[in-house]
Amino acid sequence: MAGLVDWINAISQLLFTVVFLLLFLGFNQRLQVFLQSRNISAKLKVLETYALESKQKTIEFLKNNGSQNPESVFNTASEYFVISPVDIEPTDIIRRLETLLRTQETRFEKLVEETLPNTDKFTRSLALTALEISAALNQVYKIVRHYLLLGRKTNNWILIMQLDMLMPTLLRQAKSYRQALDVFLEGKPIGDGAGPLLAFNIVKLSQPTEEISKDTVYYTTSIEERTVYVVKAKGPQSNVGHPGEAVEKLVEKLISNGKEIGLIITLDAALKLEGEETGSIAEGVGAAIGDPGPEKIRIERIAAKYGIPLHAVVIKMGFEEAILEMKKQVVEGVEKAMEVVRELIRKVPKEKAIIIAGIGNTIGIA
Amino acid sequence: MISNLALAISPETQSLITLVMMALILTLFYYAILKSIPPSTQEVLTTKVIVRCINEDHEEQRTFQKGMYIGKILDEKCPKCSSSLYIHRIYAENMFEEKTTRKP
Ligand SMILES: [Zn+2]
């Protein structure tokens with residue numbers, strides 16, 4: 001019996017010494033990298049499922065609406081890239097960027113139009129958004145796979161560790177994109193539609209005065225005895241329009257007609273900080289619009305050109321809440337935001353006109 | 001190791017104690033890992049559609065169907081004043097009141 005105890009002691013001593021030595025040889029790190037890369041692989045499988053599911057759904061949607069070549073359309077869209085303009089020479093970078101973005105937009109619209117020739121604008125906009133979402137999911141999957149394989153191949157444990165730490169966030173965002181696809185294909189309003197919803201609340205069921213720029217309309221109405229022009233993307237298709245261009249054109253048009261503009265208000269959904277409440281609102285200054293730049297700068301420039309005060313009202317929500325179904329709290333936030341808008345309008349002299357722009361994707365909101 | 005320190009206890013008991021302690025530590029470790037995984041905060045959302053009369057004198061709730069959008073004028077007539085009905089709101093509501101969100 002004593003012999004057995006001695007043996008156990010001897011073996012455990014030896015084991016401890018070996019483990020102790022291995023620690024100095026970086027064994028702990030290797031073990032960690034092994035575990036982490038296994039963890040990444042497991043999560044990569046989930047990303048792959050999202051990418052494949054969304055591809056399947058998109059192709060099915062295209063097919064059901066009469067597309068003859070859904071696969072090739074999907075491949076073109078999912079591999080599409082935009083080369084960002086030269087920024088070490090920033091002169092007219094915004095115009096160059098705008099040209100690129102508009103070109104992309106037209107290309108995608110033509111792509112969908114050609115493959116779905118017998119459908120309405122609403123269905124085509126859904127197809128376009130579905131293509132964009134599944135392209136994004138496909139891209140995320142491919143990039144994560146790239147870094148995992150690269151990290152393994154070059155034995156780069158810093159890469160693996162970073163990737164492992166990023167995975168939960170990536171997975172969460174990918175999951176909301178995946179869910180967003182279903183929401184879009186059903187045509188429900190999303191959280192980002194808070195701006196357009198506020199615009200709708202003001203104009204109700206009236207007809208737009210004019211489609212002032214592509215996919216963007218304006219309405220004429222009055223609030224608190226002042227003339228108000230409401231700009232919004234044209235619904236109910238999935239569409240953000242060109243609110244910057246629309247506001248610019250509208251201001252120029254009104255001014256050339258001898259009108260004076262006392263205020264521009266932009267309304268948009270904004271990302272809340274963790275811990276803040278969904279649907280809470282905030283007032284500020286500037287153009288509340290989340291485009292890469294071209295639309296935003298048009299509003300800023302036109303306001304600066306004629307010295308028009310530029311106010312912003314935002315409705316706060318989380319990233320997932322912005323791209324998924326609009327929640328009750330957001331609807332309530334929109335009603336609260338209306339009070340702020342009224343408050344701002346009352347401060348403008350009665351003879352001056354006011355422009356309100358509801359920014360965001362107007363899917364499911366006429 | 002432990003056998004060198006605890007002189008009064010027989011070696012067999014010491015080995016046993018060592019094993020039991022190792023098992024205990026492993027269990028605690030496993031428990032700590034389980035605890036560190038945050039509970040999932042899954043919401044169950046239902047889509048509600050609010051239909052109103054254009055004279056704002058009647059309101060009712062519907063379930064969502066494809067093709068519905070805010071501002072759509074429906075074919076039906078208001079039961080009170082027989083004007084048109086339109087879709088006033090479409091939104092998602094949490095079926096269970098917010099148990100999952102904890103205030104810090
Ligand atoms: Zn009625």
# chains A, B, ... in the order shown; residues from 1 in each chain; ligands from 1

$ closest_atom_pairs --of "chain B" --to "chain A" --cutoff "10 Å" --atoms "only C-alpha atoms" --output "CSV"
residue,atom,partner,partner_atom,distance
B:Met1,CA,A:Asn9,CA,8.3
B:Ile2,CA,A:Asn9,CA,9.8
B:Ser3,CA,A:Asn9,CA,8.7
B:Ser10,CA,A:Ala2,CA,9.7
B:Pro11,CA,A:Val5,CA,6.8
B:Glu12,CA,A:Val5,CA,6.9
B:Gln14,CA,A:Val5,CA,9.3
B:Ser15,CA,A:Val5,CA,7.2
B:Leu45,CA,A:Lys327,CA,8.8
B:Thr46,CA,A:Glu325,CA,9.7
B:Thr47,CA,A:Glu325,CA,8.2
B:Lys48,CA,A:Lys328,CA,9.2
B:Ile54,CA,A:Leu205,CA,8.6
B:Phe64,CA,A:Lys188,CA,8.7
B:Gln65,CA,A:Glu186,CA,8.3
B:Lys66,CA,A:Glu186,CA,5.8
B:Gly67,CA,A:Gly187,CA,7.0
B:Met68,CA,A:Gly364,CA,7.3
B:Tyr69,CA,A:Gly364,CA,4.4
B:Ile70,CA,A:Ile365,CA,4.6
B:Gly71,CA,A:Ala366,CA,5.2
B:Lys72,CA,A:Ala366,CA,7.0
B:Ile73,CA,A:Leu205,CA,8.6
B:Tyr86,CA,A:Leu205,CA,8.7
B:Ile87,CA,A:Ile365,CA,9.6
B:His88,CA,A:Asn201,CA,8.9
B:Arg89,CA,A:Val331,CA,8.3
B:Ile90,CA,A:Pro189,CA,6.9
B:Tyr91,CA,A:Met326,CA,5.2
B:Ala92,CA,A:Lys327,CA,4.7
B:Glu93,CA,A:Lys328,CA,5.7
B:Asn94,CA,A:Lys327,CA,8.4
B:Thr101,CA,A:Gly275,CA,9.4
B:Arg102,CA,A:Gly275,CA,9.1
B:Lys103,CA,A:Gly275,CA,7.5
B:Pro104,CA,A:Gly275,CA,7.6

$ select_by_dssp --residues "region 11-96 of chain B" --states "alpha helix (DSSP H)" --output "number ranges by chain"
B: 11-36

$ write_last_selection --atoms "N, CA, C and O atoms" --output "tab-separated table (two decimals), in the first residue's frame"
chain	number	residue	atom	x	y	z
B	11	PRO	N	-0.62	8.04	5.06
B	11	PRO	CA	-0.45	8.41	3.64
B	11	PRO	C	-1.67	8.13	2.79
B	11	PRO	O	-2.01	8.90	1.90
B	12	GLU	N	-2.38	6.99	3.08
B	12	GLU	CA	-3.56	6.66	2.29
B	12	GLU	C	-4.63	7.74	2.40
B	12	GLU	O	-5.21	8.18	1.41
B	13	THR	N	-4.87	8.18	3.64
B	13	THR	CA	-5.86	9.24	3.87
B	13	THR	C	-5.44	10.51	3.14
B	13	THR	O	-6.28	11.19	2.55
B	14	GLN	N	-4.12	10.78	3.19
B	14	GLN	CA	-3.65	11.99	2.52
B	14	GLN	C	-3.95	11.95	1.03
B	14	GLN	O	-4.46	12.92	0.45
B	15	SER	N	-3.67	10.81	0.41
B	15	SER	CA	-3.94	10.68	-1.03
B	15	SER	C	-5.42	10.90	-1.31
B	15	SER	O	-5.80	11.59	-2.26
B	16	LEU	N	-6.24	10.30	-0.44
B	16	LEU	CA	-7.68	10.45	-0.59
B	16	LEU	C	-8.10	11.91	-0.50
B	16	LEU	O	-8.85	12.42	-1.33
B	17	ILE	N	-7.53	12.56	0.53
B	17	ILE	CA	-7.87	13.99	0.73
B	17	ILE	C	-7.47	14.80	-0.51
B	17	ILE	O	-8.25	15.63	-1.00
B	18	THR	N	-6.26	14.51	-1.04
B	18	THR	CA	-5.79	15.22	-2.23
B	18	THR	C	-6.78	15.05	-3.38
B	18	THR	O	-7.18	16.02	-4.03
B	19	LEU	N	-7.19	13.80	-3.60
B	19	LEU	CA	-8.12	13.52	-4.70
B	19	LEU	C	-9.44	14.27	-4.53
B	19	LEU	O	-9.94	14.91	-5.46
B	20	VAL	N	-9.97	14.20	-3.28
B	20	VAL	CA	-11.25	14.87	-3.01
B	20	VAL	C	-11.13	16.37	-3.26
B	20	VAL	O	-11.99	16.99	-3.89
B	21	MET	N	-10.00	16.94	-2.80
B	21	MET	CA	-9.82	18.39	-2.97
B	21	MET	C	-9.72	18.78	-4.44
B	21	MET	O	-10.28	19.79	-4.88
B	22	MET	N	-8.98	17.93	-5.20
B	22	MET	CA	-8.88	18.21	-6.64
B	22	MET	C	-10.25	18.17	-7.30
B	22	MET	O	-10.59	19.05	-8.11
B	23	ALA	N	-11.03	17.18	-6.93
B	23	ALA	CA	-12.38	17.06	-7.50
B	23	ALA	C	-13.21	18.29	-7.16
B	23	ALA	O	-13.92	18.86	-8.01
B	24	LEU	N	-13.06	18.74	-5.91
B	24	LEU	CA	-13.81	19.90	-5.44
B	24	LEU	C	-13.44	21.15	-6.25
B	24	LEU	O	-14.31	21.92	-6.69
B	25	ILE	N	-12.10	21.31	-6.41
B	25	ILE	CA	-11.62	22.50	-7.15
B	25	ILE	C	-12.14	22.48	-8.58
B	25	ILE	O	-12.62	23.49	-9.10
B	26	LEU	N	-12.08	21.31	-9.21
B	26	LEU	CA	-12.57	21.19	-10.59
B	26	LEU	C	-14.05	21.54	-10.69
B	26	LEU	O	-14.47	22.25	-11.60
B	27	THR	N	-14.82	21.06	-9.71
B	27	THR	CA	-16.26	21.34	-9.71
B	27	THR	C	-16.51	22.84	-9.59
B	27	THR	O	-17.31	23.42	-10.34
B	28	LEU	N	-15.78	23.48	-8.66
B	28	LEU	CA	-15.93	24.92	-8.47
B	28	LEU	C	-15.58	25.68	-9.74
B	28	LEU	O	-16.25	26.62	-10.14
B	29	PHE	N	-14.50	25.24	-10.39
B	29	PHE	CA	-14.02	25.87	-11.61
B	29	PHE	C	-15.10	25.78	-12.70
B	29	PHE	O	-15.45	26.78	-13.35
B	30	TYR	N	-15.67	24.61	-12.83
B	30	TYR	CA	-16.70	24.37	-13.83
B	30	TYR	C	-17.92	25.25	-13.55
B	30	TYR	O	-18.48	25.87	-14.44
B	31	TYR	N	-18.27	25.33	-12.28
B	31	TYR	CA	-19.40	26.13	-11.85
B	31	TYR	C	-19.18	27.61	-12.19
B	31	TYR	O	-20.07	28.29	-12.68
B	32	ALA	N	-17.93	28.08	-11.94
B	32	ALA	CA	-17.59	29.47	-12.24
B	32	ALA	C	-17.73	29.75	-13.73
B	32	ALA	O	-18.24	30.81	-14.13
B	33	ILE	N	-17.30	28.81	-14.56
B	33	ILE	CA	-17.42	28.99	-16.01
B	33	ILE	C	-18.89	29.07	-16.43
B	33	ILE	O	-19.31	29.96	-17.17
B	34	LEU	N	-19.70	28.17	-15.87
B	34	LEU	CA	-21.12	28.18	-16.18
B	34	LEU	C	-21.78	29.49	-15.79
B	34	LEU	O	-22.58	30.05	-16.51
B	35	LYS	N	-21.36	30.01	-14.62
B	35	LYS	CA	-21.94	31.26	-14.12
B	35	LYS	C	-21.57	32.45	-14.99
B	35	LYS	O	-22.32	33.43	-15.06
B	36	SER	N	-20.37	32.38	-15.60
B	36	SER	CA	-19.87	33.55	-16.34
B	36	SER	C	-20.58	33.72	-17.68
B	36	SER	O	-20.48	34.77	-18.30

$ residues_near_ligand --ligand "ligand 1" --cutoff "8 Å" --atoms "only C-alpha atoms and all ligand atoms" --output "VMD selection string"
chain B and resid 52 to 58 77 to 85

$ write_last_selection --atoms "N, CA, C and O atoms" --output "PDB file, in the first residue's frame"
ATOM      1  N   ARG B  52     -57.352  52.395 -38.325  1.00  0.00           N
ATOM      2  CA  ARG B  52     -58.167  53.521 -37.873  1.00  0.00           C
ATOM      3  C   ARG B  52     -59.076  54.008 -38.983  1.00  0.00           C
ATOM      4  O   ARG B  52     -58.803  53.791 -40.157  1.00  0.00           O
ATOM      5  N   CYS B  53     -60.105  54.711 -38.577  1.00  0.00           N
ATOM      6  CA  CYS B  53     -60.996  55.354 -39.543  1.00  0.00           C
ATOM      7  C   CYS B  53     -60.397  56.715 -39.885  1.00  0.00           C
ATOM      8  O   CYS B  53     -59.763  57.337 -39.036  1.00  0.00           O
ATOM      9  N   ILE B  54     -60.587  57.182 -41.144  1.00  0.00           N
ATOM     10  CA  ILE B  54     -59.978  58.470 -41.504  1.00  0.00           C
ATOM     11  C   ILE B  54     -60.568  59.631 -40.708  1.00  0.00           C
ATOM     12  O   ILE B  54     -59.970  60.690 -40.636  1.00  0.00           O
ATOM     13  N   ASN B  55     -61.749  59.412 -40.110  1.00  0.00           N
ATOM     14  CA  ASN B  55     -62.313  60.459 -39.248  1.00  0.00           C
ATOM     15  C   ASN B  55     -61.873  60.296 -37.790  1.00  0.00           C
ATOM     16  O   ASN B  55     -62.377  60.993 -36.913  1.00  0.00           O
ATOM     17  N   GLU B  56     -60.984  59.354 -37.563  1.00  0.00           N
ATOM     18  CA  GLU B  56     -60.399  59.127 -36.237  1.00  0.00           C
ATOM     19  C   GLU B  56     -61.435  58.789 -35.169  1.00  0.00           C
ATOM     20  O   GLU B  56     -61.244  59.090 -33.999  1.00  0.00           O
ATOM     21  N   ASP B  57     -62.578  58.206 -35.564  1.00  0.00           N
ATOM     22  CA  ASP B  57     -63.571  57.907 -34.529  1.00  0.00           C
ATOM     23  C   ASP B  57     -63.647  56.416 -34.215  1.00  0.00           C
ATOM     24  O   ASP B  57     -64.462  55.976 -33.429  1.00  0.00           O
ATOM     25  N   HIS B  58     -62.790  55.620 -34.858  1.00  0.00           N
ATOM     26  CA  HIS B  58     -62.832  54.181 -34.635  1.00  0.00           C
ATOM     27  C   HIS B  58     -61.428  53.595 -34.776  1.00  0.00           C
ATOM     28  O   HIS B  58     -60.655  54.025 -35.619  1.00  0.00           O
ATOM     29  N   LYS B  77     -65.208  49.484 -44.700  1.00  0.00           N
ATOM     30  CA  LYS B  77     -65.753  50.764 -44.240  1.00  0.00           C
ATOM     31  C   LYS B  77     -65.827  50.784 -42.717  1.00  0.00           C
ATOM     32  O   LYS B  77     -65.940  49.751 -42.069  1.00  0.00           O
ATOM     33  N   CYS B  78     -65.789  51.981 -42.160  1.00  0.00           N
ATOM     34  CA  CYS B  78     -65.865  52.149 -40.719  1.00  0.00           C
ATOM     35  C   CYS B  78     -67.262  51.760 -40.228  1.00  0.00           C
ATOM     36  O   CYS B  78     -68.256  52.166 -40.821  1.00  0.00           O
ATOM     37  N   PRO B  79     -67.361  50.966 -39.162  1.00  0.00           N
ATOM     38  CA  PRO B  79     -68.695  50.565 -38.666  1.00  0.00           C
ATOM     39  C   PRO B  79     -69.485  51.745 -38.095  1.00  0.00           C
ATOM     40  O   PRO B  79     -70.710  51.657 -37.953  1.00  0.00           O
ATOM     41  N   LYS B  80     -68.806  52.836 -37.760  1.00  0.00           N
ATOM     42  CA  LYS B  80     -69.518  53.954 -37.125  1.00  0.00           C
ATOM     43  C   LYS B  80     -69.989  54.976 -38.145  1.00  0.00           C
ATOM     44  O   LYS B  80     -71.134  55.413 -38.120  1.00  0.00           O
ATOM     45  N   CYS B  81     -69.076  55.404 -39.046  1.00  0.00           N
ATOM     46  CA  CYS B  81     -69.444  56.480 -39.954  1.00  0.00           C
ATOM     47  C   CYS B  81     -69.303  56.077 -41.414  1.00  0.00           C
ATOM     48  O   CYS B  81     -69.460  56.916 -42.299  1.00  0.00           O
ATOM     49  N   SER B  82     -69.016  54.806 -41.656  1.00  0.00           N
ATOM     50  CA  SER B  82     -68.819  54.230 -42.985  1.00  0.00           C
ATOM     51  C   SER B  82     -67.926  55.050 -43.922  1.00  0.00           C
ATOM     52  O   SER B  82     -68.159  55.125 -45.111  1.00  0.00           O
ATOM     53  N   SER B  83     -66.886  55.666 -43.359  1.00  0.00           N
ATOM     54  CA  SER B  83     -65.817  56.210 -44.213  1.00  0.00           C
ATOM     55  C   SER B  83     -64.733  55.133 -44.314  1.00  0.00           C
ATOM     56  O   SER B  83     -64.869  54.059 -43.747  1.00  0.00           O
ATOM     57  N   SER B  84     -63.651  55.439 -45.016  1.00  0.00           N
ATOM     58  CA  SER B  84     -62.607  54.428 -45.235  1.00  0.00           C
ATOM     59  C   SER B  84     -61.775  54.195 -43.971  1.00  0.00           C
ATOM     60  O   SER B  84     -61.648  55.067 -43.120  1.00  0.00           O
ATOM     61  N   LEU B  85     -61.234  52.992 -43.912  1.00  0.00           N
ATOM     62  CA  LEU B  85     -60.292  52.663 -42.834  1.00  0.00           C
ATOM     63  C   LEU B  85     -58.875  52.674 -43.402  1.00  0.00           C
ATOM     64  O   LEU B  85     -58.677  52.371 -44.578  1.00  0.00           O
TER      65      LEU B  85
END

$ atom_distance --atom1 "CA of Lys214 (chain A)" --atom2 "CA of Gly241 (chain A)"
6.5 Å

$ atom_distance --atom1 "CA of Tyr229 (chain A)" --atom2 "CA of Ile356 (chain A)"
6.2 Å

$ residues_around --residues "Tyr141 (chain A)" --least-positions-apart "2" --cutoff "9 Å" --atoms "only C-alpha atoms" --output "ChimeraX atom specification"
/A:44-45,47-48,50-51,136-139,143-146

$ residues_around --residues "region 264-266 of chain A" --least-positions-apart "2" --cutoff "10 Å" --atoms "only C-alpha atoms" --output "VMD selection string"
chain A and resid 195 228 to 231 243 247 251 261 to 262 268 284 to 289 299 303 308 to 314 341 344 to 345 353 to 359

$ select_by_dssp --residues "chain B" --states "strand (DSSP E)" --output "mmCIF file with N, CA and C atoms, in the first residue's frame"
data_model
loop_
_atom_site.group_PDB
_atom_site.id
_atom_site.type_symbol
_atom_site.label_atom_id
_atom_site.label_comp_id
_atom_site.auth_asym_id
_atom_site.auth_seq_id
_atom_site.Cartn_x
_atom_site.Cartn_y
_atom_site.Cartn_z
ATOM 1 N N LEU B 45 -41.479 38.637 -29.837
ATOM 2 C CA LEU B 45 -42.194 39.796 -30.351
ATOM 3 C C LEU B 45 -43.404 39.359 -31.178
ATOM 4 N N THR B 46 -44.483 40.124 -31.042
ATOM 5 C CA THR B 46 -45.630 39.896 -31.931
ATOM 6 C C THR B 46 -45.903 41.194 -32.660
ATOM 7 N N THR B 47 -46.263 41.071 -33.924
ATOM 8 C CA THR B 47 -46.533 42.264 -34.718
ATOM 9 C C THR B 47 -47.995 42.660 -34.565
ATOM 10 N N LYS B 48 -48.213 43.928 -34.256
ATOM 11 C CA LYS B 48 -49.583 44.430 -34.128
ATOM 12 C C LYS B 48 -49.862 45.438 -35.222
ATOM 13 N N VAL B 49 -51.055 45.412 -35.729
ATOM 14 C CA VAL B 49 -51.466 46.364 -36.758
ATOM 15 C C VAL B 49 -52.662 47.133 -36.209
ATOM 16 N N ILE B 50 -52.551 48.438 -36.187
ATOM 17 C CA ILE B 50 -53.655 49.274 -35.702
ATOM 18 C C ILE B 50 -54.345 49.899 -36.908
ATOM 19 N N VAL B 51 -55.627 49.618 -37.041
ATOM 20 C CA VAL B 51 -56.412 50.159 -38.150
ATOM 21 C C VAL B 51 -57.310 51.266 -37.603
ATOM 22 N N ARG B 52 -57.352 52.395 -38.325
ATOM 23 C CA ARG B 52 -58.167 53.521 -37.873
ATOM 24 C C ARG B 52 -59.076 54.008 -38.983
ATOM 25 N N CYS B 53 -60.105 54.711 -38.577
ATOM 26 C CA CYS B 53 -60.996 55.354 -39.543
ATOM 27 C C CYS B 53 -60.397 56.715 -39.885
ATOM 28 N N GLU B 59 -61.123 52.628 -33.917
ATOM 29 C CA GLU B 59 -59.788 52.024 -33.986
ATOM 30 C C GLU B 59 -59.899 50.548 -33.657
ATOM 31 N N GLU B 60 -59.166 49.718 -34.377
ATOM 32 C CA GLU B 60 -59.152 48.299 -34.028
ATOM 33 C C GLU B 60 -57.805 47.668 -34.339
ATOM 34 N N GLN B 61 -57.626 46.446 -33.749
ATOM 35 C CA GLN B 61 -56.333 45.783 -33.892
ATOM 36 C C GLN B 61 -56.446 44.605 -34.851
ATOM 37 N N ARG B 62 -55.402 44.388 -35.648
ATOM 38 C CA ARG B 62 -55.406 43.262 -36.583
ATOM 39 C C ARG B 62 -54.092 42.500 -36.424
ATOM 40 N N THR B 63 -54.028 41.348 -37.109
ATOM 41 C CA THR B 63 -52.731 40.665 -37.198
ATOM 42 C C THR B 63 -52.105 41.014 -38.540
ATOM 43 N N ILE B 73 -54.876 52.428 -47.459
ATOM 44 C CA ILE B 73 -56.320 52.584 -47.291
ATOM 45 C C ILE B 73 -56.985 51.254 -47.614
ATOM 46 N N LEU B 74 -57.787 50.753 -46.671
ATOM 47 C CA LEU B 74 -58.392 49.435 -46.840
ATOM 48 C C LEU B 74 -59.724 49.533 -47.573
ATOM 49 N N ASP B 75 -60.173 48.381 -48.077
ATOM 50 C CA ASP B 75 -61.444 48.357 -48.807
ATOM 51 C C ASP B 75 -62.641 48.455 -47.865
ATOM 52 N N GLU B 76 -62.416 48.084 -46.603
ATOM 53 C CA GLU B 76 -63.540 48.046 -45.669
ATOM 54 C C GLU B 76 -63.980 49.443 -45.251
ATOM 55 N N LYS B 77 -65.208 49.484 -44.700
ATOM 56 C CA LYS B 77 -65.753 50.764 -44.240
ATOM 57 C C LYS B 77 -65.827 50.784 -42.717
ATOM 58 N N SER B 84 -63.651 55.439 -45.016
ATOM 59 C CA SER B 84 -62.607 54.428 -45.235
ATOM 60 C C SER B 84 -61.775 54.195 -43.971
ATOM 61 N N LEU B 85 -61.234 52.992 -43.912
ATOM 62 C CA LEU B 85 -60.292 52.663 -42.834
ATOM 63 C C LEU B 85 -58.875 52.674 -43.402
ATOM 64 N N TYR B 86 -57.910 53.018 -42.587
ATOM 65 C CA TYR B 86 -56.517 52.963 -43.054
ATOM 66 C C TYR B 86 -55.628 52.374 -41.964
ATOM 67 N N ILE B 87 -54.447 51.906 -42.357
ATOM 68 C CA ILE B 87 -53.524 51.335 -41.378
ATOM 69 C C ILE B 87 -52.740 52.464 -40.728
ATOM 70 N N HIS B 88 -52.913 52.566 -39.428
ATOM 71 C CA HIS B 88 -52.352 53.692 -38.685
ATOM 72 C C HIS B 88 -50.955 53.360 -38.160
ATOM 73 N N ARG B 89 -50.766 52.126 -37.688
ATOM 74 C CA ARG B 89 -49.496 51.719 -37.079
ATOM 75 C C ARG B 89 -49.222 50.253 -37.358
ATOM 76 N N ILE B 90 -47.948 49.925 -37.513
ATOM 77 C CA ILE B 90 -47.519 48.525 -37.491
ATOM 78 C C ILE B 90 -46.296 48.490 -36.586
ATOM 79 N N TYR B 91 -46.367 47.736 -35.518
ATOM 80 C CA TYR B 91 -45.206 47.676 -34.638
ATOM 81 C C TYR B 91 -45.122 46.334 -33.933
ATOM 82 N N ALA B 92 -43.950 46.062 -33.357
ATOM 83 C CA ALA B 92 -43.745 44.808 -32.641
ATOM 84 C C ALA B 92 -43.782 45.079 -31.153
ATOM 85 N N GLU B 93 -44.447 44.184 -30.452
ATOM 86 C CA GLU B 93 -44.531 44.346 -29.005
ATOM 87 C C GLU B 93 -44.019 43.083 -28.335
ATOM 88 N N ASN B 94 -43.335 43.257 -27.228
ATOM 89 C CA ASN B 94 -42.843 42.113 -26.484
ATOM 90 C C ASN B 94 -44.022 41.422 -25.810
#

$ residues_around --residues "Tyr80 (chain A)" --least-positions-apart "5" --cutoff "10 Å" --atoms "only C-alpha atoms" --output "list in words"
Phe74, Asn75, Gln104, Phe108, Glu132 and Ala135 of chain A

$ write_last_selection --atoms "N, CA and C atoms" --output "PDB file, in the first residue's frame"
ATOM      1  N   PHE A  74     -27.289  36.751 -57.959  1.00  0.00           N
ATOM      2  CA  PHE A  74     -26.797  36.711 -56.580  1.00  0.00           C
ATOM      3  C   PHE A  74     -25.274  36.819 -56.540  1.00  0.00           C
ATOM      4  N   ASN A  75     -24.613  36.081 -57.423  1.00  0.00           N
ATOM      5  CA  ASN A  75     -23.147  36.115 -57.413  1.00  0.00           C
ATOM      6  C   ASN A  75     -22.597  37.495 -57.755  1.00  0.00           C
ATOM      7  N   GLN A 104     -23.182  52.681 -58.227  1.00  0.00           N
ATOM      8  CA  GLN A 104     -23.489  51.383 -57.615  1.00  0.00           C
ATOM      9  C   GLN A 104     -25.001  51.186 -57.518  1.00  0.00           C
ATOM     10  N   PHE A 108     -27.141  48.208 -59.349  1.00  0.00           N
ATOM     11  CA  PHE A 108     -27.944  47.224 -58.627  1.00  0.00           C
ATOM     12  C   PHE A 108     -29.404  47.272 -59.073  1.00  0.00           C
ATOM     13  N   GLU A 132     -28.626  42.825 -50.853  1.00  0.00           N
ATOM     14  CA  GLU A 132     -27.643  43.557 -50.046  1.00  0.00           C
ATOM     15  C   GLU A 132     -27.371  42.842 -48.727  1.00  0.00           C
ATOM     16  N   ALA A 135     -25.530  39.593 -49.308  1.00  0.00           N
ATOM     17  CA  ALA A 135     -24.149  39.888 -49.713  1.00  0.00           C
ATOM     18  C   ALA A 135     -23.303  40.235 -48.486  1.00  0.00           C
TER      19      ALA A 135
END
